[in-house]
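The file upload07.txt comes next; it holds compact mmCIF, C-alpha atoms and all ligand atoms.
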# COMPACT_ATOMS: atom_id res chain seq x y z
CA MET A 1 46.26 -61.68 -79.94
CA LYS A 2 43.06 -61.84 -81.94
CA ILE A 3 40.98 -58.69 -82.38
CA PHE A 4 37.20 -58.84 -82.57
CA ILE A 5 34.86 -55.91 -83.06
CA ASP A 6 32.17 -55.70 -80.38
CA SER A 7 29.35 -54.55 -82.61
CA ALA A 8 26.31 -55.55 -84.63
CA ASN A 9 26.59 -52.43 -86.79
CA ILE A 10 27.09 -53.64 -90.37
CA ASP A 11 28.85 -50.45 -91.52
CA GLU A 12 31.41 -50.71 -88.72
CA ILE A 13 31.95 -54.45 -89.27
CA LYS A 14 32.34 -53.90 -93.01
CA LYS A 15 34.91 -51.11 -92.59
CA LEU A 16 37.14 -53.18 -90.32
CA GLU A 17 36.71 -56.30 -92.45
CA GLU A 18 37.90 -54.30 -95.46
CA LEU A 19 40.90 -52.98 -93.50
CA GLY A 20 41.80 -56.61 -92.75
CA VAL A 21 42.38 -56.05 -89.03
CA ILE A 22 39.69 -58.15 -87.39
CA ASP A 23 39.50 -61.86 -86.65
CA GLY A 24 35.82 -61.85 -85.85
CA ILE A 25 32.98 -60.14 -84.05
CA THR A 26 31.04 -60.33 -80.80
CA THR A 27 27.41 -59.35 -80.47
CA ASN A 28 24.98 -59.44 -77.59
CA PRO A 29 21.22 -58.83 -77.24
CA THR A 30 21.79 -55.15 -76.50
CA LEU A 31 24.04 -54.59 -79.54
CA ALA A 32 21.61 -56.49 -81.79
CA SER A 33 18.57 -54.61 -80.53
CA VAL A 34 20.05 -51.13 -81.01
CA THR A 35 20.43 -51.81 -84.74
CA GLY A 36 16.61 -51.83 -84.97
CA LYS A 37 16.89 -54.67 -87.51
CA ASN A 38 15.05 -57.98 -87.59
CA PHE A 39 17.42 -60.46 -85.87
CA LYS A 40 17.33 -63.06 -88.67
CA GLU A 41 18.04 -60.38 -91.26
CA LEU A 42 20.83 -58.93 -89.15
CA ILE A 43 22.54 -62.31 -88.75
CA LYS A 44 22.28 -62.91 -92.49
CA GLU A 45 23.96 -59.56 -93.20
CA ILE A 46 26.72 -60.32 -90.70
CA PHE A 47 27.36 -63.70 -92.38
CA GLU A 48 27.58 -62.01 -95.78
CA THR A 49 29.92 -59.27 -94.54
CA LEU A 50 32.61 -61.46 -92.98
CA SER A 51 34.98 -63.84 -94.74
CA SER A 52 34.98 -67.61 -94.18
CA ASP A 53 37.87 -67.58 -91.68
CA LYS A 54 36.21 -65.22 -89.20
CA ILE A 55 34.59 -66.02 -85.83
CA ILE A 56 31.04 -64.79 -85.23
CA ASN A 57 29.82 -64.74 -81.62
CA LEU A 58 26.03 -64.81 -81.31
CA GLU A 59 24.22 -64.94 -77.98
CA VAL A 60 21.28 -66.99 -76.72
CA ILE A 61 18.52 -65.23 -74.84
CA ALA A 62 17.27 -68.30 -72.94
CA THR A 63 18.22 -68.75 -69.30
CA ASP A 64 16.98 -72.30 -68.67
CA TYR A 65 18.95 -75.40 -69.63
CA ASP A 66 16.55 -76.87 -72.23
CA ASN A 67 16.03 -73.64 -74.11
CA ILE A 68 19.71 -72.71 -73.96
CA LEU A 69 20.40 -76.05 -75.69
CA ILE A 70 17.72 -75.44 -78.32
CA GLN A 71 18.85 -71.88 -79.09
CA ALA A 72 22.57 -72.71 -79.05
CA ARG A 73 22.12 -75.64 -81.45
CA ALA A 74 20.01 -73.47 -83.75
CA LEU A 75 22.57 -70.63 -83.83
CA SER A 76 25.44 -73.05 -84.36
CA ALA A 77 23.64 -74.81 -87.23
CA LEU A 78 23.36 -71.50 -89.13
CA ASP A 79 27.04 -71.21 -90.01
CA LYS A 80 30.32 -72.93 -89.17
CA ARG A 81 31.82 -69.60 -88.04
CA VAL A 82 29.38 -69.24 -85.14
CA VAL A 83 30.53 -69.41 -81.53
CA VAL A 84 27.56 -69.38 -79.16
CA LYS A 85 27.54 -66.98 -76.23
CA ILE A 86 25.87 -68.26 -73.07
CA PRO A 87 25.59 -66.36 -69.77
CA CYS A 88 27.63 -67.46 -66.76
CA ILE A 89 24.83 -69.06 -64.77
CA PRO A 90 24.55 -72.67 -63.49
CA GLU A 91 22.15 -73.70 -66.30
CA GLY A 92 24.47 -72.06 -68.82
CA LEU A 93 27.56 -73.92 -67.64
CA LYS A 94 25.62 -77.18 -67.59
CA ALA A 95 24.61 -76.55 -71.20
CA CYS A 96 28.19 -75.55 -72.07
CA LYS A 97 29.46 -78.99 -71.12
CA VAL A 98 26.89 -80.79 -73.27
CA LEU A 99 27.22 -78.45 -76.26
CA THR A 100 31.02 -78.60 -76.13
CA ALA A 101 30.83 -82.41 -76.25
CA GLU A 102 28.71 -82.01 -79.41
CA GLY A 103 31.49 -79.93 -80.98
CA ILE A 104 29.76 -76.55 -80.57
CA ARG A 105 32.11 -73.78 -79.48
CA ILE A 106 30.83 -71.83 -76.47
CA ASN A 107 31.74 -68.37 -75.22
CA ILE A 108 30.68 -67.92 -71.60
CA THR A 109 29.73 -64.29 -71.20
CA LEU A 110 29.01 -61.91 -68.29
CA VAL A 111 32.04 -63.16 -66.38
CA PHE A 112 33.29 -60.93 -63.57
CA SER A 113 35.56 -63.10 -61.40
CA PRO A 114 38.40 -65.64 -61.60
CA LEU A 115 36.19 -68.15 -59.78
CA GLN A 116 33.53 -67.91 -62.48
CA ALA A 117 36.28 -68.28 -65.08
CA LEU A 118 37.53 -71.43 -63.37
CA LEU A 119 34.07 -72.99 -63.68
CA CYS A 120 33.86 -71.93 -67.34
CA ALA A 121 37.14 -73.71 -68.09
CA ASN A 122 35.98 -76.84 -66.29
CA ALA A 123 32.78 -76.73 -68.35
CA GLY A 124 34.94 -76.77 -71.51
CA ALA A 125 34.17 -73.25 -72.76
CA PHE A 126 35.99 -72.21 -75.94
CA PHE A 127 36.10 -68.56 -74.80
CA VAL A 128 35.58 -66.94 -71.41
CA SER A 129 34.54 -63.27 -71.54
CA PRO A 130 35.48 -61.17 -68.51
CA PHE A 131 33.73 -57.77 -68.73
CA VAL A 132 36.57 -55.48 -67.74
CA GLY A 133 34.92 -52.09 -68.31
CA ARG A 134 31.84 -52.97 -66.29
CA LEU A 135 34.08 -53.89 -63.33
CA ASP A 136 35.96 -50.60 -63.73
CA ASP A 137 32.59 -48.81 -63.88
CA ILE A 138 31.86 -49.92 -60.29
CA SER A 139 35.37 -48.96 -59.13
CA MET A 140 36.76 -52.49 -59.21
CA ASP A 141 39.95 -53.46 -61.04
CA GLY A 142 38.80 -55.25 -64.18
CA VAL A 143 42.32 -55.66 -65.55
CA GLU A 144 43.44 -57.38 -62.34
CA VAL A 145 40.60 -59.88 -62.72
CA VAL A 146 41.76 -60.66 -66.27
CA LYS A 147 45.37 -61.06 -65.14
CA GLU A 148 44.28 -63.58 -62.50
CA ILE A 149 42.24 -65.54 -65.04
CA VAL A 150 45.20 -65.67 -67.45
CA GLU A 151 47.47 -66.84 -64.59
CA ILE A 152 45.07 -69.53 -63.40
CA TYR A 153 44.49 -70.88 -66.92
CA LYS A 154 48.24 -71.00 -67.54
CA LYS A 155 48.91 -72.76 -64.21
CA TYR A 156 46.43 -75.54 -64.99
CA ASN A 157 46.97 -75.61 -68.74
CA TYR A 158 43.32 -74.88 -69.53
CA LYS A 159 42.52 -74.64 -73.23
CA THR A 160 39.74 -72.06 -72.76
CA GLN A 161 40.74 -68.77 -74.41
CA VAL A 162 40.49 -65.51 -72.47
CA LEU A 163 38.47 -62.89 -74.34
CA PHE A 164 38.89 -59.39 -72.84
CA ALA A 165 35.43 -57.79 -73.22
CA SER A 166 33.77 -54.51 -72.28
CA VAL A 167 36.65 -52.39 -73.55
CA ARG A 168 36.42 -48.73 -72.53
CA SER A 169 39.58 -47.25 -74.09
CA VAL A 170 42.47 -47.96 -76.43
CA GLU A 171 44.63 -48.26 -73.30
CA HIS A 172 42.58 -51.31 -72.29
CA ILE A 173 43.73 -52.98 -75.51
CA ARG A 174 47.42 -52.36 -74.76
CA VAL A 175 47.04 -53.68 -71.23
CA ALA A 176 45.10 -56.71 -72.49
CA ALA A 177 47.92 -57.59 -74.87
CA LEU A 178 50.50 -57.29 -72.09
CA ALA A 179 48.37 -59.47 -69.81
CA GLY A 180 48.52 -62.23 -72.42
CA VAL A 181 44.83 -62.53 -73.29
CA ASP A 182 43.96 -64.55 -76.40
CA VAL A 183 41.39 -62.09 -77.78
CA ILE A 184 40.07 -58.59 -77.17
CA THR A 185 36.69 -57.46 -78.37
CA SER A 186 36.43 -53.71 -78.79
CA PRO A 187 33.99 -51.11 -80.06
CA TYR A 188 34.85 -49.74 -83.51
CA GLU A 189 36.28 -46.40 -82.32
CA PHE A 190 39.00 -47.90 -80.11
CA ILE A 191 40.23 -50.21 -82.88
CA MET A 192 40.51 -47.15 -85.13
CA ASP A 193 42.37 -45.33 -82.30
CA MET A 194 45.03 -48.08 -82.45
CA TYR A 195 46.22 -46.68 -85.78
CA LYS A 196 46.79 -43.21 -84.39
CA HIS A 197 50.05 -41.54 -83.36
CA PRO A 198 50.80 -37.82 -83.77
CA LEU A 199 54.36 -38.62 -84.92
CA THR A 200 52.98 -40.76 -87.75
CA ASP A 201 50.91 -37.81 -89.01
CA LYS A 202 53.78 -35.36 -88.54
CA GLY A 203 56.30 -37.71 -90.15
CA LEU A 204 54.11 -38.36 -93.17
CA GLU A 205 53.46 -34.65 -93.64
CA LYS A 206 57.23 -34.00 -93.71
CA PHE A 207 57.98 -36.91 -96.08
CA LEU A 208 55.42 -35.59 -98.55
CA SER A 209 56.40 -31.92 -98.31
CA ASP A 210 60.11 -32.78 -98.73
CA TRP A 211 59.26 -34.91 -101.76
CA ASN A 212 57.13 -32.20 -103.32
CA ASN A 213 59.77 -29.50 -102.68
CA ALA A 214 62.36 -31.63 -104.46
CA GLY A 215 60.14 -31.71 -107.57
CA GLU A 216 60.94 -35.40 -108.21
CA GLU A 217 58.71 -37.75 -110.22
CA PHE A 218 57.62 -41.08 -108.77
CA ILE A 219 58.12 -44.35 -110.70
CA VAL A 220 54.50 -44.67 -111.83
O1 LIG B 301 29.79 -57.78 -75.81
C1 LIG B 301 30.10 -57.89 -74.48
C2 LIG B 301 30.77 -56.69 -73.85
O2 LIG B 301 31.93 -56.34 -74.56
C3 LIG B 301 29.87 -55.55 -73.54
O3 LIG B 301 30.55 -54.38 -73.25
O4 LIG B 301 30.50 -51.92 -73.20
O5 LIG B 301 28.36 -53.18 -72.87
O6 LIG B 301 30.11 -53.20 -71.11
P1 LIG B 301 29.82 -53.10 -72.57

Kindly present the structure from the file in structure tokens form.
Amino acid sequence: MKIFIDSANIDEIKKLEELGVIDGITTNPTLASVTGKNFKELIKEIFETLSSDKIINLEVIATDYDNILIQARALSALDKRVVVKIPCIPEGLKACKVLTAEGIRINITLVFSPLQALLCANAGAFFVSPFVGRLDDISMDGVEVVKEIVEIYKKYNYKTQVLFASVRSVEHIRVAALAGVDVITSPYEFIMDMYKHPLTDKGLEKFLSDWNNAGEEFIV
């Protein structure tokens, strides 16, 4: 399962890139705007921060077919790592088909149902992004929606990859992995939570105190 960071914060992206645990990033207009940075400058910094094998999801802001095409082609032309995010609306799926035929990878975003996901796959999307946390927020079962999407894609051998988005906890990441998603995109703090276990801390403390009590010297 690939792990993306859901962030446009350069410090966060840089930290996880240095730890070597991420396969890419996802951004959206909200995440980009909260940085307070000029969008072109922000994108440039993101490109410089991530290595050549990473995937960088950047989103269009147009909602009509012609302008979605223009913006998607422009974002894609910036860098070969770019996957273009397009909202799950009729004009977006129409554009997805055309852009996919041109070799541009598309991530259909703001997906909330298996039926939407079915259309995304038929439109040739590279990623489909069900927003699990936002479904949970309105007392629906976001994980169940993802499980159904994974099952449908498997049944019909769709190539579209399922990207579990809108992560609200580290538990979401465990459940996503068990559900067989291809990718999760998570805020920085939950990826860092994946490292944590009290027995790791306790075990390390004991290893080091035992070593120190023995008064041994290490090899270097
Ligand atoms: O980037 C898309 C998605 O992960 C947004 O999540 O937390 O705004 O619901 P959230």

Neighbourhood of ligand LIG 301 (chain B) at 7 Å, counting all atoms listed in the file, reported as a PyMOL selection string
chain A and resi 6+26-28+131+133-134+165-168+185-186

Which of these, A:Leu199, A:Val162, A:Cys120, A:Phe190, has the shortest distance to Ala177 (chain A) once you count all atoms listed in the file?
A:Val162

Any idea what's packed within 12 Å of region 138-148 of chain A, counting all atoms listed in the file, ignoring anything in its chain fewer than 2 positions away? Could you give it as number ranges by chain?
A: 111-118, 128-136, 150-155, 161-168, 171-184

Return the single residue from A:Leu50, A:Arg105, A:Glu217, A:Ala95 that is closest to Ala77 (chain A), with distances computed using all atoms listed in the file.
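Among the listed residues, the smallest separation from Ala77 (chain A) belongs to A:Arg105.
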
Skip Gly103 (chain A) itself and residues of its chain fewer than 3 positions away, then list as JSON, numbers by chain all residues within 12 Å of it, counting only C-alpha atoms.
{"A": [72, 73, 76, 77, 80, 82, 83, 84, 96, 97, 98, 99, 100, 106, 124, 125, 126]}

Mind working out the centre and edge lengths of an axis-aligned box for region 154-165 of chain A, all listed atoms inside, 4 Å added to each side, rounded to one decimal in Å and written as AutoDock Vina command-line options?
--center_x 42.2 --center_y -66.7 --center_z -69.3 --size_x 21.5 --size_y 25.8 --size_z 18.2

Can you work out the spacing between CA of Lys40 (chain A) and CA of Tyr65 (chain A) in Å, to one decimal?
22.7 Å

Could you check which of A:Pro198, A:Gly215, A:Gly24, A:Gly92 is closest to Ile56 (chain A), using only C-alpha atoms?
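Smallest separation from Ile56 (chain A) among the options: A:Gly24.
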
For a test of reading the model, state the distance in Å between CA of Thr49 (chain A) and CA of Lys14 (chain A), rounded to one decimal.
6.1 Å

Nearest candidate to Lys54 (chain A) (options A:Lys94, A:Ile10, A:Ile22, A:Asp210; using all atoms listed in the file):
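Closest candidate: A:Ile22.
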
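The space between CA of Ser7 (chain A) and CA of Asn67 (chain A) spans 24.8 Å.
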
Residue with smallest distance to Asp11 (chain A) - pool A:Thr35, A:Asn213, A:Thr200, A:Thr109, counting all atoms listed in the file
A:Thr35

Return the single residue from A:Val21, A:Ile13, A:Ala123, A:Leu208 that is closest to Phe47 (chain A), with distances computed using all atoms listed in the file.
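With all atoms listed in the file as the atom set, the closest residue is A:Ile13.
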